[in-house]
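See below for protein-v2.csv, which holds CSV, C-alpha atoms and all ligand atoms.
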chain,number,residue,atom,x,y,z
A,307,MET,CA,0.0,0.0,0.0
A,308,ILE,CA,1.3,3.5,-0.8
A,309,GLU,CA,1.3,5.8,2.2
A,310,PRO,CA,-0.6,9.0,1.9
A,311,PRO,CA,1.8,12.0,1.8
A,312,SER,CA,0.5,13.3,5.1
A,313,ARG,CA,2.1,10.3,6.8
A,314,THR,CA,5.7,11.5,6.1
A,315,ALA,CA,7.5,13.6,8.6
A,316,THR,CA,8.5,16.1,5.9
A,317,PRO,CA,5.9,18.8,5.7
A,318,GLN,CA,4.0,18.7,2.3
A,319,ARG,CA,2.8,22.3,2.5
A,320,GLU,CA,3.8,25.5,4.3
A,321,LEU,CA,3.3,25.2,8.1
A,322,GLU,CA,1.6,27.5,10.5
A,323,PRO,CA,4.5,28.8,12.5
A,324,PRO,CA,4.7,27.5,16.1
A,325,VAL,CA,3.7,29.8,18.9
A,326,ARG,CA,5.3,29.5,22.3
A,327,HIS,CA,2.4,29.5,24.9
A,328,PRO,CA,2.4,32.6,27.2
A,329,ASP,CA,2.5,30.3,30.2
A,330,ALA,CA,5.3,28.1,28.8
A,331,PRO,CA,8.2,27.6,31.3
A,332,ALA,CA,11.0,30.1,30.8
A,333,PRO,CA,14.0,29.1,28.8
A,334,GLY,CA,16.5,27.3,31.1
A,335,THR,CA,13.7,25.8,33.3
A,336,VAL,CA,14.3,22.1,34.0
A,337,LEU,CA,11.0,20.4,33.3
A,338,PRO,CA,9.5,18.0,35.8
A,339,SER,CA,8.8,14.4,34.8
A,340,HIS,CA,5.3,14.3,33.2
A,341,TYR,CA,4.7,10.9,34.8
A,342,GLU,CA,6.8,9.3,37.5
A,343,ASN,CA,6.7,5.8,35.9
A,344,CYS,CA,7.5,7.0,32.4
A,345,VAL,CA,10.2,4.8,30.9
A,346,ALA,CA,12.0,7.8,29.5
A,347,CYS,CA,11.7,10.5,32.2
A,348,GLY,CA,10.2,8.9,35.3
A,349,PRO,CA,12.2,9.0,38.5
A,350,SER,CA,10.4,5.9,39.8
A,351,HIS,CA,11.1,3.7,36.8
A,352,PRO,CA,13.8,1.2,37.9
A,353,THR,CA,15.6,0.9,34.5
A,354,GLY,CA,14.3,3.9,32.6
A,355,LEU,CA,16.4,6.6,30.9
A,356,ARG,CA,15.8,9.2,33.6
A,357,LEU,CA,16.0,11.7,30.8
A,358,VAL,CA,16.0,15.3,32.0
A,359,SER,CA,14.6,18.0,29.7
A,360,THR,CA,15.1,21.7,29.8
A,361,ALA,CA,13.0,24.4,28.1
A,362,GLY,CA,14.9,26.2,25.4
A,363,PRO,CA,14.2,29.5,23.6
A,364,ASP,CA,11.4,29.8,21.0
A,365,VAL,CA,9.8,26.3,20.7
A,366,THR,CA,12.9,24.2,21.5
A,367,ILE,CA,13.7,21.7,24.2
A,368,THR,CA,17.0,20.2,25.2
A,369,GLY,CA,17.4,16.8,26.9
A,370,GLU,CA,20.1,14.7,28.4
A,371,PHE,CA,20.5,11.1,29.5
A,372,THR,CA,23.3,8.8,30.4
A,373,VAL,CA,23.3,5.4,28.7
A,374,THR,CA,23.6,2.5,31.2
A,375,ARG,CA,23.8,-1.3,31.0
A,376,ASP,CA,20.0,-1.4,31.2
A,377,HIS,CA,19.9,0.3,27.8
A,378,GLN,CA,22.1,-2.1,25.7
A,379,GLY,CA,21.3,-3.8,22.5
A,380,ALA,CA,24.7,-5.1,21.5
A,381,PRO,CA,27.1,-5.5,24.4
A,382,GLY,CA,28.3,-2.0,25.5
A,383,LEU,CA,26.1,-0.2,23.0
A,384,ALA,CA,22.7,1.5,23.3
A,385,HIS,CA,19.8,-0.2,21.6
A,386,GLY,CA,18.4,1.7,18.6
A,387,GLY,CA,14.9,1.5,20.1
A,388,VAL,CA,16.1,3.1,23.3
A,389,LEU,CA,17.7,5.9,21.3
A,390,ALA,CA,14.4,6.4,19.5
A,391,LEU,CA,12.7,6.6,22.9
A,392,ALA,CA,15.1,9.4,23.9
A,393,LEU,CA,14.3,11.3,20.8
A,394,ASP,CA,10.5,10.7,21.2
A,395,GLU,CA,10.6,12.0,24.8
A,396,THR,CA,12.6,15.1,23.9
A,397,LEU,CA,10.3,15.9,20.9
A,398,GLY,CA,7.2,15.2,23.1
A,399,GLY,CA,8.6,17.7,25.6
A,400,LEU,CA,7.7,20.4,23.1
A,401,ALA,CA,4.1,20.0,24.4
A,402,TRP,CA,5.3,21.9,27.6
A,403,LEU,CA,6.0,24.9,25.5
A,404,LEU,CA,2.9,24.6,23.2
A,405,ARG,CA,0.6,23.6,26.0
A,406,LYS,CA,-1.2,21.2,23.7
A,407,PRO,CA,-1.7,17.5,24.5
A,408,MET,CA,-0.3,15.5,21.6
A,409,VAL,CA,0.9,11.9,20.8
A,410,THR,CA,3.6,10.7,18.4
A,411,GLY,CA,2.2,9.8,15.0
A,412,ARG,CA,5.4,9.2,13.2
A,413,LEU,CA,9.1,9.1,14.2
A,414,GLU,CA,11.8,8.9,11.5
A,415,THR,CA,15.2,8.2,12.9
A,416,ASP,CA,18.7,8.4,11.4
A,417,TYR,CA,21.4,6.5,13.3
A,418,ILE,CA,24.7,8.2,12.5
A,419,ARG,CA,27.1,7.1,15.2
A,420,HIS,CA,27.0,4.3,17.7
A,421,VAL,CA,26.2,5.4,21.3
A,422,PRO,CA,28.3,3.5,24.0
A,423,VAL,CA,27.2,2.6,27.5
A,424,GLY,CA,28.5,5.3,29.9
A,425,THR,CA,28.2,8.2,27.5
A,426,THR,CA,25.8,11.1,27.9
A,427,LEU,CA,23.6,11.9,25.0
A,428,SER,CA,22.6,15.6,24.5
A,429,LEU,CA,19.4,16.0,22.6
A,430,GLU,CA,17.7,19.0,21.1
A,431,ALA,CA,14.2,19.2,19.6
A,432,ARG,CA,12.6,22.1,17.6
A,433,CYS,CA,9.0,22.6,16.6
A,434,LEU,CA,8.8,23.4,12.9
A,435,GLY,CA,5.1,24.3,12.9
A,436,PHE,CA,1.6,22.9,12.4
A,437,ALA,CA,-0.7,21.7,9.6
A,438,GLY,CA,-4.1,21.3,11.2
A,439,ARG,CA,-3.7,18.9,14.1
A,440,ARG,CA,-0.3,17.7,12.9
A,441,MET,CA,2.8,19.2,14.6
A,442,TYR,CA,6.1,18.7,12.7
A,443,ALA,CA,9.4,18.7,14.6
A,444,LYS,CA,13.0,17.8,14.3
A,445,ALA,CA,15.5,16.5,16.8
A,446,VAL,CA,19.2,15.9,17.0
A,447,GLY,CA,21.3,13.8,19.4
A,448,ARG,CA,25.0,14.6,20.0
A,449,LEU,CA,27.8,12.9,21.8
A,450,SER,CA,30.5,15.3,22.9
A,451,GLY,CA,29.3,17.7,20.2
A,452,ARG,CA,29.3,15.2,17.4
A,453,VAL,CA,26.0,14.3,15.8
A,454,ALA,CA,25.0,10.7,16.5
A,455,LEU,CA,21.2,10.8,15.8
A,456,ARG,CA,18.7,12.8,13.8
A,457,ALA,CA,14.9,12.5,13.8
A,458,SER,CA,11.9,14.0,12.1
A,459,ALA,CA,8.5,13.6,13.6
A,460,VAL,CA,4.8,14.2,13.3
A,461,PHE,CA,2.8,14.5,16.5
A,462,VAL,CA,-1.0,14.7,16.4
A,463,VAL,CA,-2.8,17.0,18.8
A,464,VAL,CA,-5.5,15.1,20.8
A,465,PRO,CA,-8.2,16.1,23.2
A,466,PRO,CA,-7.1,15.5,26.9
A,467,GLU,CA,-9.8,12.8,27.0
A,468,HIS,CA,-7.5,10.7,24.8
A,469,PHE,CA,-5.4,9.8,27.9
A,470,VAL,CA,-8.5,9.0,30.0
A,471,GLU,CA,-10.1,6.8,27.4
A,472,HIS,CA,-7.0,4.9,26.4
A,473,GLY,CA,-4.8,5.0,29.4
A,474,THR,CA,-5.0,3.7,33.0
A,475,ASP,CA,-4.3,5.6,36.2
A,476,MET,CA,-5.9,8.7,34.5
A,477,THR,CA,-9.1,10.3,35.6
A,478,ALA,CA,-10.7,13.4,34.1
A,479,GLU,CA,-9.6,15.2,37.3
A,480,ASN,CA,-5.9,14.5,37.1
A,481,VAL,CA,-5.8,15.1,33.3
A,482,HIS,CA,-7.2,18.5,34.1
A,483,ASP,CA,-4.5,19.0,36.7
A,484,TYR,CA,-1.9,17.8,34.2
A,485,GLU,CA,-3.2,20.3,31.7
A,486,VAL,CA,-3.4,23.3,33.9
A,487,ASN,CA,-0.4,22.6,36.1
A,488,PRO,CA,1.8,20.2,34.3
B,1,LIG,C1,-3.5,16.2,28.8
B,1,LIG,C2,-3.2,17.7,28.8
B,1,LIG,C3,-1.7,17.9,28.4
B,1,LIG,C4,-1.5,19.4,28.2
B,1,LIG,C5,-0.1,19.6,27.6
B,1,LIG,C6,0.7,20.4,28.6
B,1,LIG,C7,1.9,20.0,29.0
B,1,LIG,C8,2.6,18.9,28.5
B,1,LIG,C9,2.9,17.9,29.6
B,1,LIG,C10,3.5,16.8,29.3
B,1,LIG,C11,4.1,16.3,28.1
B,1,LIG,C12,5.5,16.2,28.2
B,1,LIG,C13,6.3,15.3,27.6
B,1,LIG,C14,5.7,14.3,26.7
B,1,LIG,C15,6.8,13.3,26.5
B,1,LIG,C16,6.8,12.3,25.7
B,1,LIG,C17,5.7,12.1,24.7
B,1,LIG,C18,5.7,10.7,24.2
B,1,LIG,C19,4.7,10.6,23.2
B,1,LIG,C20,4.3,9.2,22.9
B,1,LIG,O1,5.1,8.4,22.8
B,1,LIG,S1,2.6,8.9,22.5
B,1,LIG,C21,2.6,7.2,22.3
B,1,LIG,C22,2.7,6.7,20.9
B,1,LIG,N1,1.7,7.2,20.1
B,1,LIG,C23,0.4,6.7,20.1
B,1,LIG,O2,0.1,5.8,20.8
B,1,LIG,C24,-0.5,7.3,19.0
B,1,LIG,C25,-1.5,6.2,18.6
B,1,LIG,N2,-2.3,6.7,17.5
B,1,LIG,C26,-3.5,7.4,17.8
B,1,LIG,O3,-3.9,7.5,18.9
B,1,LIG,C27,-4.2,7.9,16.6
B,1,LIG,O4,-3.9,7.3,15.4
B,1,LIG,C28,-3.9,9.5,16.4
B,1,LIG,C29,-4.4,10.2,17.7
B,1,LIG,C30,-2.4,9.7,16.1
B,1,LIG,C31,-4.7,10.0,15.2
B,1,LIG,O5,-6.1,9.5,15.3
B,1,LIG,P1,-7.3,10.5,15.3
B,1,LIG,O6,-8.5,9.6,15.0
B,1,LIG,O7,-7.4,11.4,16.5
B,1,LIG,O8,-7.1,11.4,14.0
B,1,LIG,P2,-6.9,11.2,12.5
B,1,LIG,O9,-6.6,9.7,12.2
B,1,LIG,O10,-8.1,11.8,11.8
B,1,LIG,O11,-5.6,12.1,12.2
B,1,LIG,C32,-5.6,13.5,12.5
B,1,LIG,C33,-4.5,14.1,11.5
B,1,LIG,O12,-3.3,13.5,11.9
B,1,LIG,C34,-2.7,12.9,10.8
B,1,LIG,N3,-2.0,11.6,11.2
B,1,LIG,C35,-2.6,10.7,12.0
B,1,LIG,N4,-1.7,9.7,12.2
B,1,LIG,C36,-0.5,10.1,11.6
B,1,LIG,C37,0.7,9.5,11.4
B,1,LIG,N5,1.0,8.3,11.9
B,1,LIG,N6,1.7,10.2,10.7
B,1,LIG,C38,1.4,11.4,10.2
B,1,LIG,N7,0.2,12.0,10.3
B,1,LIG,C39,-0.8,11.3,11.0
B,1,LIG,C40,-3.8,12.5,9.9
B,1,LIG,O13,-3.4,12.4,8.5
B,1,LIG,C41,-4.8,13.7,10.1
B,1,LIG,O14,-4.3,14.8,9.4
B,1,LIG,P3,-5.3,15.7,8.5
B,1,LIG,O15,-6.4,16.1,9.4
B,1,LIG,O16,-4.5,16.9,8.1
B,1,LIG,O17,-5.7,14.8,7.4
Once you've parsed the file, please lay out its structure as structure tokens.
Ligand SMILES: CCCCC/C=C\C/C=C\C/C=C\C/C=C\CCCC(=O)SCCNC(=O)CCNC(=O)[C@H](O)C(C)(C)COP(=O)(O)OP(=O)(O)OC[C@H]1O[C@@H](n2cnc3c(N)ncnc32)[C@H](O)[C@@H]1OP(=O)(O)O
Amino acid sequence: MIEPPSRTATPQRELEPPVRHPDAPAPGTVLPSHYENCVACGPSHPTGLRLVSTAGPDVTITGEFTVTRDHQGAPGLAHGGVLALALDETLGGLAWLLRKPMVTGRLETDYIRHVPVGTTLSLEARCLGFAGRRMYAKAVGRLSGRVALRASAVFVVVPPEHFVEHGTDMTAENVHDYEVNP
């Protein structure tokens, strides 16, 4: 089956420019984990990435995580799926600045350099803009300044009820809290 053009992470038309929400955390603010058991950012997850994100200027986010033995694919090297997780989380963090609930629709990843256990990956995500409910964004991951990963993504804006309907541990009440006081 041929995929419709809207499914690629490359915008097919001019995008609405992204607008940083007036209540977005100031640049330099370290963002709290959005869920304590999140495999990417949750402090309670026993083997998660414990990725820490920071608000950047405009509609950008930076993130950092240190690769441990829990994140291996080949011995001593990070698993590609784990690296995609780190990119997904950093890109998803753009929701803090846009203040819109959204889910990953598509994530295209280029693996450029291997990422060894013990190294710290520095990530950066930037919102390119919107086409209707679709949010387009790019991310890059660096090791000591050298590009190791690149990603392009489409996130889809969803109503807050999405997380109540499809998740567990979510009630209309705490989704509301999450929205107004994330
Ligand atoms: C709750 C309030 C929050 C407020 C926010 C405030 C603060 C933020 C706080 C915390 C957030 C911080 C950090 C987040 C960190 C990490 C985030 C991780 C994110 C994930 O890890 S999340 C899990 C993986 N993710 C899924 O579990 C999605 C499963 N999936 C679905 O739930 C549906 O599939 C859905 C909803 C995607 C669409 O379903 P739907 O029925 O609502 O809409 P529909 O199909 O009509 O698509 C509408 C338009 O999106 C286009 N579109 C759809 N799919 C596309 C695709 N794949 N590629 C390109 N474009 C796509 C269509 O082409 C159409 O575009 P158009 O209208 O222009 O034609």
Using only C-alpha atoms and all ligand atoms, I'd like a table of the residues in chain A that come within 8 Å of ligand LIG 1 (chain B); for each, show the closest atom pair and its distance in Å rounded to one decimal, ordered by chain and ascending number, as JSON lines.
{"residue": "A:Pro310", "atom": "CA", "partner": "B:LIG1", "partner_atom": "O13", "distance": 7.9}
{"residue": "A:Ser312", "atom": "CA", "partner": "B:LIG1", "partner_atom": "O13", "distance": 5.3}
{"residue": "A:Arg313", "atom": "CA", "partner": "B:LIG1", "partner_atom": "C38", "distance": 3.6}
{"residue": "A:Thr314", "atom": "CA", "partner": "B:LIG1", "partner_atom": "C38", "distance": 5.9}
{"residue": "A:Ala315", "atom": "CA", "partner": "B:LIG1", "partner_atom": "C38", "distance": 6.7}
{"residue": "A:Ser339", "atom": "CA", "partner": "B:LIG1", "partner_atom": "C12", "distance": 7.6}
{"residue": "A:His340", "atom": "CA", "partner": "B:LIG1", "partner_atom": "C10", "distance": 5.0}
{"residue": "A:Ala346", "atom": "CA", "partner": "B:LIG1", "partner_atom": "C16", "distance": 7.9}
{"residue": "A:Leu391", "atom": "CA", "partner": "B:LIG1", "partner_atom": "O1", "distance": 7.8}
{"residue": "A:Asp394", "atom": "CA", "partner": "B:LIG1", "partner_atom": "C18", "distance": 5.7}
{"residue": "A:Glu395", "atom": "CA", "partner": "B:LIG1", "partner_atom": "C16", "distance": 3.9}
{"residue": "A:Thr396", "atom": "CA", "partner": "B:LIG1", "partner_atom": "C15", "distance": 6.6}
{"residue": "A:Leu397", "atom": "CA", "partner": "B:LIG1", "partner_atom": "C16", "distance": 6.9}
{"residue": "A:Gly398", "atom": "CA", "partner": "B:LIG1", "partner_atom": "C17", "distance": 3.8}
{"residue": "A:Gly399", "atom": "CA", "partner": "B:LIG1", "partner_atom": "C13", "distance": 3.9}
{"residue": "A:Leu400", "atom": "CA", "partner": "B:LIG1", "partner_atom": "C13", "distance": 6.9}
{"residue": "A:Ala401", "atom": "CA", "partner": "B:LIG1", "partner_atom": "C8", "distance": 4.5}
{"residue": "A:Trp402", "atom": "CA", "partner": "B:LIG1", "partner_atom": "C8", "distance": 4.1}
{"residue": "A:Leu403", "atom": "CA", "partner": "B:LIG1", "partner_atom": "C7", "distance": 7.3}
{"residue": "A:Leu404", "atom": "CA", "partner": "B:LIG1", "partner_atom": "C6", "distance": 7.2}
{"residue": "A:Arg405", "atom": "CA", "partner": "B:LIG1", "partner_atom": "C6", "distance": 4.1}
{"residue": "A:Lys406", "atom": "CA", "partner": "B:LIG1", "partner_atom": "C5", "distance": 4.4}
{"residue": "A:Pro407", "atom": "CA", "partner": "B:LIG1", "partner_atom": "C3", "distance": 3.9}
{"residue": "A:Met408", "atom": "CA", "partner": "B:LIG1", "partner_atom": "C19", "distance": 7.2}
{"residue": "A:Val409", "atom": "CA", "partner": "B:LIG1", "partner_atom": "S1", "distance": 3.8}
{"residue": "A:Thr410", "atom": "CA", "partner": "B:LIG1", "partner_atom": "N1", "distance": 4.3}
{"residue": "A:Gly411", "atom": "CA", "partner": "B:LIG1", "partner_atom": "N5", "distance": 3.6}
{"residue": "A:Arg412", "atom": "CA", "partner": "B:LIG1", "partner_atom": "N6", "distance": 4.6}
{"residue": "A:Ala437", "atom": "CA", "partner": "B:LIG1", "partner_atom": "O16", "distance": 6.3}
{"residue": "A:Gly438", "atom": "CA", "partner": "B:LIG1", "partner_atom": "O16", "distance": 5.4}
{"residue": "A:Arg439", "atom": "CA", "partner": "B:LIG1", "partner_atom": "C33", "distance": 5.5}
{"residue": "A:Arg440", "atom": "CA", "partner": "B:LIG1", "partner_atom": "O12", "distance": 5.3}
{"residue": "A:Val460", "atom": "CA", "partner": "B:LIG1", "partner_atom": "C38", "distance": 5.4}
{"residue": "A:Phe461", "atom": "CA", "partner": "B:LIG1", "partner_atom": "C30", "distance": 7.1}
{"residue": "A:Val462", "atom": "CA", "partner": "B:LIG1", "partner_atom": "O12", "distance": 5.2}
{"residue": "A:Val463", "atom": "CA", "partner": "B:LIG1", "partner_atom": "C29", "distance": 7.1}
{"residue": "A:Val464", "atom": "CA", "partner": "B:LIG1", "partner_atom": "C29", "distance": 5.9}
{"residue": "A:Pro465", "atom": "CA", "partner": "B:LIG1", "partner_atom": "C1", "distance": 7.3}
{"residue": "A:Pro466", "atom": "CA", "partner": "B:LIG1", "partner_atom": "C1", "distance": 4.1}
{"residue": "A:Glu467", "atom": "CA", "partner": "B:LIG1", "partner_atom": "C1", "distance": 7.4}
{"residue": "A:His468", "atom": "CA", "partner": "B:LIG1", "partner_atom": "O3", "distance": 7.6}
{"residue": "A:Phe469", "atom": "CA", "partner": "B:LIG1", "partner_atom": "C1", "distance": 6.7}
{"residue": "A:Val481", "atom": "CA", "partner": "B:LIG1", "partner_atom": "C1", "distance": 5.2}
{"residue": "A:His482", "atom": "CA", "partner": "B:LIG1", "partner_atom": "C2", "distance": 6.7}
{"residue": "A:Tyr484", "atom": "CA", "partner": "B:LIG1", "partner_atom": "C2", "distance": 5.6}
{"residue": "A:Glu485", "atom": "CA", "partner": "B:LIG1", "partner_atom": "C2", "distance": 3.9}
{"residue": "A:Val486", "atom": "CA", "partner": "B:LIG1", "partner_atom": "C4", "distance": 7.2}
{"residue": "A:Asn487", "atom": "CA", "partner": "B:LIG1", "partner_atom": "C6", "distance": 7.9}
{"residue": "A:Pro488", "atom": "CA", "partner": "B:LIG1", "partner_atom": "C7", "distance": 5.3}
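Shortest atom-to-atom contact with A:Thr335 among A:Leu413, A:Ile367, A:Leu357, A:Cys347: A:Ile367, counting all atoms listed in the file.
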Exercise: residues within 9 Å of coordinate (23.1, 16.0, 22.2), counting only C-alpha atoms, as a VMD selection string = chain A and resid 368 to 370 426 to 430 446 to 455
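Neighbours of A:Pro324 closer than or equal to 7 Å, with only C-alpha atoms counted and sequence neighbours fewer than 6 positions away skipped, come out as Val365, Cys433, Leu434, Gly435 and Phe436 of chain A.
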Which distance in Å separates atom CA of A:Pro317 and atom CA of A:Ala390, to one decimal?
->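 These atoms are spaced 20.4 Å apart.
For the set A:Tyr442, A:Thr474, A:Val421, A:Ala459, the residue with the smallest atom-to-atom gap to A:Glu320 is A:Tyr442, counting all atoms listed in the file.
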Shortest interatomic distance to A:Thr415 - which of A:Cys344, A:Ala457, A:Met441, A:Val388, counting all atoms listed in the file = A:Ala457
Residue nearest A:Ala330 among A:Thr360, A:Arg375, A:Gly424, A:Arg419 (counting all atoms listed in the file) | A:Thr360
Quote the spacing between atom CA of A:Val358 and atom CA of A:Ala431 in Å to one decimal place.
->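 Taking atom CA of A:Val358 as the start and atom CA of A:Ala431 as the end point, the length is 13.1 Å.
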Go ahead and compute the interatomic distance for atom CA of A:Thr372 and atom CA of A:Leu355, in Å to one decimal.
->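 Calculated distance between atom CA of A:Thr372 and atom CA of A:Leu355 is 7.3 Å.
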